[in-house]
$ cat final.cif   # mmCIF, C-alpha atoms
data_target
loop_
_atom_site.label_atom_id
_atom_site.label_comp_id
_atom_site.auth_asym_id
_atom_site.auth_seq_id
_atom_site.Cartn_x
_atom_site.Cartn_y
_atom_site.Cartn_z
CA MET A 1 3.51 -60.14 -20.75
CA ALA A 2 3.19 -60.87 -17.04
CA ASP A 3 5.03 -57.72 -16.03
CA SER A 4 3.95 -55.39 -18.81
CA ILE A 5 3.20 -51.81 -17.92
CA GLU A 6 -0.15 -52.18 -19.70
CA LYS A 7 -1.14 -55.06 -17.43
CA GLN A 8 0.08 -53.22 -14.34
CA ASN A 9 -1.94 -50.13 -15.29
CA LEU A 10 -5.12 -52.17 -15.66
CA LEU A 11 -4.50 -53.91 -12.33
CA LEU A 12 -3.82 -50.53 -10.76
CA TRP A 13 -7.16 -49.15 -12.02
CA PHE A 14 -9.04 -51.87 -10.15
CA SER A 15 -6.81 -51.35 -7.13
CA TYR A 16 -7.79 -47.67 -7.18
CA LEU A 17 -11.46 -48.63 -7.40
CA HIS A 18 -10.99 -50.80 -4.29
CA GLY A 19 -9.23 -47.85 -2.68
CA LEU A 20 -12.19 -45.58 -3.36
CA GLN A 21 -14.49 -48.21 -1.89
CA ASN A 22 -12.31 -48.32 1.22
CA ALA A 23 -12.36 -44.51 1.34
CA CYS A 24 -16.13 -44.81 1.81
CA SER A 25 -15.75 -46.93 4.96
CA PHE A 26 -17.74 -44.35 6.92
CA ASN A 27 -20.81 -45.84 5.17
CA THR A 28 -20.94 -49.36 6.60
CA SER A 29 -23.16 -50.68 3.80
CA VAL A 30 -20.40 -50.06 1.25
CA LYS A 31 -18.29 -52.96 2.51
CA ASN A 32 -21.11 -55.33 1.49
CA LEU A 33 -21.19 -54.07 -2.11
CA ASP A 34 -19.44 -56.05 -4.80
CA LEU A 35 -16.97 -54.01 -6.82
CA LEU A 36 -19.25 -53.63 -9.85
CA THR A 37 -22.15 -52.36 -7.75
CA PHE A 38 -19.83 -49.95 -5.99
CA ALA A 39 -18.36 -48.71 -9.28
CA ASN A 40 -21.84 -47.88 -10.56
CA SER A 41 -23.13 -46.44 -7.29
CA LYS A 42 -24.11 -42.82 -7.24
CA ILE A 43 -21.60 -40.89 -5.16
CA VAL A 44 -24.38 -38.87 -3.53
CA SER A 45 -26.08 -42.11 -2.46
CA ILE A 46 -22.94 -43.35 -0.71
CA ALA A 47 -21.94 -39.95 0.68
CA PRO A 48 -25.14 -37.86 0.80
CA SER A 49 -24.16 -35.29 3.43
CA ALA A 50 -21.52 -32.59 3.29
CA ASN A 51 -19.72 -34.23 6.23
CA GLU A 52 -19.62 -37.61 4.49
CA GLN A 53 -18.38 -36.02 1.29
CA ALA A 54 -15.67 -34.21 3.23
CA GLN A 55 -14.67 -37.52 4.84
CA LEU A 56 -14.55 -39.19 1.41
CA ILE A 57 -12.28 -36.42 0.13
CA VAL A 58 -9.93 -36.80 3.10
CA ASN A 59 -9.91 -40.59 2.87
CA ALA A 60 -9.36 -40.60 -0.91
CA LYS A 61 -6.41 -38.24 -0.49
CA SER A 62 -4.84 -40.65 1.97
CA ALA A 63 -5.53 -43.76 -0.13
CA PRO A 64 -5.64 -44.19 -3.08
CA GLY A 65 -4.08 -40.72 -3.20
CA PHE A 66 -6.61 -38.75 -5.24
CA ASP A 67 -6.91 -35.03 -4.77
CA ILE A 68 -10.65 -34.77 -5.31
CA SER A 69 -12.95 -31.89 -4.49
CA THR A 70 -16.61 -31.42 -3.76
CA ALA A 71 -16.92 -30.17 -7.34
CA ASP A 72 -15.58 -33.54 -8.55
CA LEU A 73 -18.16 -35.34 -6.43
CA ALA A 74 -20.89 -33.23 -8.04
CA THR A 75 -19.50 -33.51 -11.56
CA TYR A 76 -19.02 -37.28 -11.71
CA ALA A 77 -22.15 -39.21 -10.82
CA THR A 78 -20.58 -42.61 -10.10
CA PHE A 79 -17.34 -43.87 -8.64
CA GLU A 80 -16.37 -45.35 -12.00
CA ALA A 81 -16.84 -41.96 -13.67
CA LEU A 82 -14.82 -40.27 -10.92
CA LEU A 83 -11.99 -42.77 -11.28
CA ASP A 84 -12.10 -42.54 -15.08
CA HIS A 85 -11.53 -38.79 -14.71
CA PHE A 86 -8.14 -39.52 -13.16
CA ASN A 87 -7.36 -42.81 -14.91
CA PRO A 88 -9.51 -43.62 -17.95
CA LEU A 89 -10.31 -47.33 -17.95
CA PRO A 90 -10.89 -47.42 -21.74
CA THR A 91 -7.31 -46.28 -22.33
CA TYR A 92 -5.94 -49.00 -20.06
CA VAL A 93 -8.11 -51.69 -21.66
CA ALA A 94 -7.06 -50.56 -25.15
CA ALA A 95 -3.37 -50.46 -24.31
CA TYR A 96 -3.55 -53.93 -22.76
CA LEU A 97 -5.43 -55.41 -25.72
CA GLN A 98 -2.93 -53.85 -28.10
CA THR A 99 -0.18 -55.95 -26.54
CA PHE A 100 -1.87 -59.05 -28.01
CA ALA A 101 -2.61 -57.59 -31.45
CA PRO A 102 -0.84 -58.69 -34.62
CA SER A 103 2.50 -57.00 -35.16
CA SER A 104 1.00 -54.62 -37.73
CA LEU A 105 -1.06 -53.06 -34.90
CA GLY A 106 0.84 -54.08 -31.80
CA GLY A 107 3.73 -51.70 -32.17
CA GLY A 108 1.83 -48.77 -33.65
CA SER A 109 -0.07 -45.93 -32.15
CA LEU A 110 -2.96 -46.55 -29.81
CA VAL A 111 -5.15 -44.32 -31.98
CA ASP A 112 -4.48 -46.49 -35.02
CA PHE A 113 -5.24 -49.59 -32.97
CA LEU A 114 -8.53 -48.13 -31.73
CA ASN A 115 -9.54 -47.21 -35.29
CA ALA A 116 -8.72 -50.66 -36.66
CA SER A 117 -11.44 -53.13 -37.52
CA VAL A 118 -11.88 -55.86 -34.91
CA THR A 119 -11.34 -58.40 -37.69
CA VAL A 120 -7.87 -56.94 -38.35
CA ALA A 121 -6.98 -56.71 -34.66
CA PHE A 122 -8.37 -60.15 -33.84
CA PRO A 123 -8.17 -62.30 -36.97
CA GLY A 124 -10.32 -65.37 -36.64
CA GLY A 125 -12.81 -63.52 -34.47
CA SER A 126 -13.81 -64.84 -31.07
CA ALA A 127 -12.66 -68.35 -32.06
CA GLY A 128 -9.21 -67.12 -33.12
CA PRO A 129 -6.06 -67.56 -31.08
CA ILE A 130 -5.39 -63.83 -30.64
CA TRP A 131 -8.79 -63.19 -29.10
CA GLY A 132 -8.48 -66.41 -27.07
CA THR A 133 -5.27 -65.16 -25.52
CA SER A 134 -6.68 -61.64 -25.06
CA LEU A 135 -9.77 -63.00 -23.34
CA GLN A 136 -7.74 -65.18 -20.98
CA MET A 137 -5.51 -62.30 -20.06
CA LEU A 138 -8.43 -59.94 -19.47
CA GLN A 139 -10.02 -62.58 -17.25
CA SER A 140 -6.82 -62.79 -15.23
CA VAL A 141 -6.66 -59.04 -14.67
CA MET A 142 -10.27 -57.87 -14.36
CA PRO A 143 -12.40 -58.96 -11.40
CA ALA A 144 -14.98 -61.53 -12.51
CA VAL A 145 -17.86 -59.37 -11.33
CA CYS A 146 -16.64 -56.58 -13.63
CA PHE A 147 -15.92 -58.84 -16.61
CA SER A 148 -18.83 -61.20 -16.21
CA SER A 149 -19.61 -64.15 -18.44
CA LYS A 150 -22.60 -62.20 -19.77
CA LEU A 151 -20.32 -59.32 -20.79
CA GLN A 152 -17.84 -61.79 -22.28
CA VAL A 153 -20.57 -63.28 -24.51
CA ALA A 154 -21.57 -59.80 -25.69
CA VAL A 155 -17.93 -58.89 -26.31
CA ALA A 156 -17.40 -62.08 -28.35
CA LYS A 157 -20.24 -60.97 -30.65
CA THR A 158 -18.49 -57.64 -31.13
CA VAL A 159 -15.19 -59.41 -31.93
CA ASP A 160 -17.07 -61.37 -34.60
CA ASP A 161 -18.73 -58.29 -36.12
CA GLY A 162 -16.65 -57.02 -39.05
CA THR A 163 -18.45 -53.67 -38.97
CA LYS A 164 -17.04 -52.85 -35.53
CA LYS A 165 -13.82 -51.09 -34.64
CA VAL A 166 -11.55 -51.85 -31.73
CA THR A 167 -12.83 -48.69 -30.03
CA ASP A 168 -16.32 -50.27 -29.95
CA LEU A 169 -14.88 -53.35 -28.28
CA VAL A 170 -12.83 -51.37 -25.77
CA ASN A 171 -15.78 -49.20 -24.78
CA GLN A 172 -17.95 -52.29 -24.34
CA ILE A 173 -15.40 -53.90 -22.03
CA ALA A 174 -14.85 -50.67 -20.11
CA THR A 175 -18.55 -50.30 -19.28
CA LEU A 176 -18.00 -53.14 -16.80
CA GLY A 177 -20.65 -55.70 -16.03
#
$ encode --input "final.cif" --output "structure tokens"
Amino acid sequence: MADSIEKQNLLLWFSYLHGLQNACSFNTSVKNLDLLTFANSKIVSIAPSANEQAQLIVNAKSAPGFDISTADLATYATFEALLDHFNPLPTYVAAYLQTFAPSSLGGGSLVDFLNASVTVAFPGGSAGPIWGTSLQMLQSVMPAVCFSSKLQVAVAKTVDDGTKKVTDLVNQIATLG
């Protein structure tokens, strides 16, 4: 699983988020923000002027390679939302979690996996071996500030809730925090 495309995609998403943060280097306060704070920062707070927004667009084109426009900066309020427009974090989280699912869900469609009950996808709940492995692997890929212990506790409750679907779990993880 170390070299899976699903893992690489999730790692790449956070690399892109770092890249967007670096693209905002014209605002010296950005370098002091942790990744979660940056992800949830309002774009217009980081780049309030037309000149700063133009610089962000140029920098983002160079690295991480996004062709964004001023309309994108107006449409997507936060850097996470902007990045999700190009690379939806929930899809990457879901695809990665699916690699740990039981064989009945692991090789099927992502849509079927997302619609499955968490109790089917993670038998044994948060104390079960499948979730244990999934949790460890998420911890190894997601920055700790974005997959905090507080979020992990909340996610464990979702894994234990038989009324929830995998999509609920994925969306909870992808909110970051």
$ residues_around --input "final.cif" --residues "A:Gly19" --least-positions-apart "2" --cutoff "9 Å" --atoms "only C-alpha atoms" --output "PyMOL selection string"
chain A and resi 14-17+21-24+60+63-65
$ atom_distance --input "final.cif" --atom1 "atom CA of A:Pro90" --atom2 "atom CA of A:Ser29"
28.5 Å
$ closest_residue --input "final.cif" --among "A:Ile130, A:Val166, A:Ala74, A:Ala156" --to "A:Leu110" --atoms "all atoms listed in the file"
A:Val166
$ resolve_selection --input "final.cif" --expression "the PyMOL selection byres ((chain A and resi 99) around 12)" --output "ChimeraX atom specification"
/A:1-7,92-98,100-110,113,121-122,130-131,133-134,137-138
$ resolve_selection --input "final.cif" --expression "the PyMOL selection byres ((chain A and resi 34) around 12)" --output "PDB file with C-alpha atoms, in the coordinates of the input"
ATOM      1  CA  LEU A  17     -11.460 -48.630  -7.400  1.00  0.00           C
ATOM      2  CA  HIS A  18     -10.990 -50.800  -4.290  1.00  0.00           C
ATOM      3  CA  GLN A  21     -14.490 -48.210  -1.890  1.00  0.00           C
ATOM      4  CA  SER A  29     -23.160 -50.680   3.800  1.00  0.00           C
ATOM      5  CA  VAL A  30     -20.400 -50.060   1.250  1.00  0.00           C
ATOM      6  CA  LYS A  31     -18.290 -52.960   2.510  1.00  0.00           C
ATOM      7  CA  ASN A  32     -21.110 -55.330   1.490  1.00  0.00           C
ATOM      8  CA  LEU A  33     -21.190 -54.070  -2.110  1.00  0.00           C
ATOM      9  CA  LEU A  35     -16.970 -54.010  -6.820  1.00  0.00           C
ATOM     10  CA  LEU A  36     -19.250 -53.630  -9.850  1.00  0.00           C
ATOM     11  CA  THR A  37     -22.150 -52.360  -7.750  1.00  0.00           C
ATOM     12  CA  PHE A  38     -19.830 -49.950  -5.990  1.00  0.00           C
ATOM     13  CA  ALA A  39     -18.360 -48.710  -9.280  1.00  0.00           C
ATOM     14  CA  ASN A  40     -21.840 -47.880 -10.560  1.00  0.00           C
ATOM     15  CA  SER A  41     -23.130 -46.440  -7.290  1.00  0.00           C
ATOM     16  CA  PRO A 143     -12.400 -58.960 -11.400  1.00  0.00           C
ATOM     17  CA  ALA A 144     -14.980 -61.530 -12.510  1.00  0.00           C
ATOM     18  CA  VAL A 145     -17.860 -59.370 -11.330  1.00  0.00           C
ATOM     19  CA  CYS A 146     -16.640 -56.580 -13.630  1.00  0.00           C
ATOM     20  CA  GLY A 177     -20.650 -55.700 -16.030  1.00  0.00           C
TER      21      GLY A 177
END
$ atom_distance --input "final.cif" --atom1 "atom CA of A:Ile173" --atom2 "atom CA of A:Gln152"
8.3 Å
$ closest_residue --input "final.cif" --among "A:Met142, A:Leu169, A:Val44, A:Leu89" --to "A:Ala116" --atoms "all atoms listed in the file"
A:Leu169
$ atom_distance --input "final.cif" --atom1 "atom CA of A:Phe86" --atom2 "atom CA of A:Leu176"
17.2 Å
$ closest_residue --input "final.cif" --among "A:Gly125, A:Val111, A:Leu82, A:Gly132" --to "A:Asp67" --atoms "all atoms listed in the file"
A:Leu82
$ closest_residue --input "final.cif" --among "A:Asn115, A:Ser126, A:Gln136, A:Ser45" --to "A:Thr78" --atoms "only C-alpha atoms"
A:Ser45
$ closest_residue --input "final.cif" --among "A:Ala154, A:Val141, A:Val170, A:Ile46" --to "A:Leu10" --atoms "only C-alpha atoms"
A:Val141
$ decode --input "final.cif" --residues "stretch 124-137 of chain A" --atoms "N, CA and C atoms" --output "CSV table (one decimal), in the first residue's frame"
chain,number,residue,atom,x,y,z
A,124,GLY,N,-16.5,-4.0,13.0
A,124,GLY,CA,-15.8,-3.9,14.3
A,124,GLY,C,-15.7,-2.5,14.8
A,125,GLY,N,-16.2,-1.5,13.9
A,125,GLY,CA,-16.2,-0.1,14.3
A,125,GLY,C,-14.8,0.4,14.5
A,126,SER,N,-14.7,1.4,15.4
A,126,SER,CA,-13.4,2.1,15.6
A,126,SER,C,-12.4,1.2,16.4
A,127,ALA,N,-12.9,0.1,17.0
A,127,ALA,CA,-12.0,-0.8,17.7
A,127,ALA,C,-11.6,-2.0,16.7
A,128,GLY,N,-12.1,-2.0,15.5
A,128,GLY,CA,-11.8,-3.1,14.6
A,128,GLY,C,-10.5,-2.9,13.9
A,129,PRO,N,-10.0,-4.0,13.4
A,129,PRO,CA,-8.7,-4.0,12.7
A,129,PRO,C,-8.7,-3.2,11.4
A,130,ILE,N,-9.8,-3.2,10.7
A,130,ILE,CA,-9.8,-2.5,9.4
A,130,ILE,C,-9.7,-1.0,9.7
A,131,TRP,N,-10.5,-0.5,10.7
A,131,TRP,CA,-10.4,0.9,11.0
A,131,TRP,C,-9.1,1.3,11.6
A,132,GLY,N,-8.6,0.4,12.4
A,132,GLY,CA,-7.3,0.6,13.0
A,132,GLY,C,-6.2,0.9,12.0
A,133,THR,N,-6.2,0.0,11.0
A,133,THR,CA,-5.2,0.2,9.9
A,133,THR,C,-5.5,1.5,9.1
A,134,SER,N,-6.8,1.7,8.8
A,134,SER,CA,-7.2,2.9,8.1
A,134,SER,C,-6.7,4.2,8.8
A,135,LEU,N,-7.0,4.2,10.1
A,135,LEU,CA,-6.6,5.3,10.9
A,135,LEU,C,-5.1,5.6,10.9
A,136,GLN,N,-4.3,4.5,11.1
A,136,GLN,CA,-2.9,4.6,11.1
A,136,GLN,C,-2.4,5.2,9.7
A,137,MET,N,-3.0,4.7,8.7
A,137,MET,CA,-2.5,5.1,7.3
A,137,MET,C,-2.9,6.6,7.1
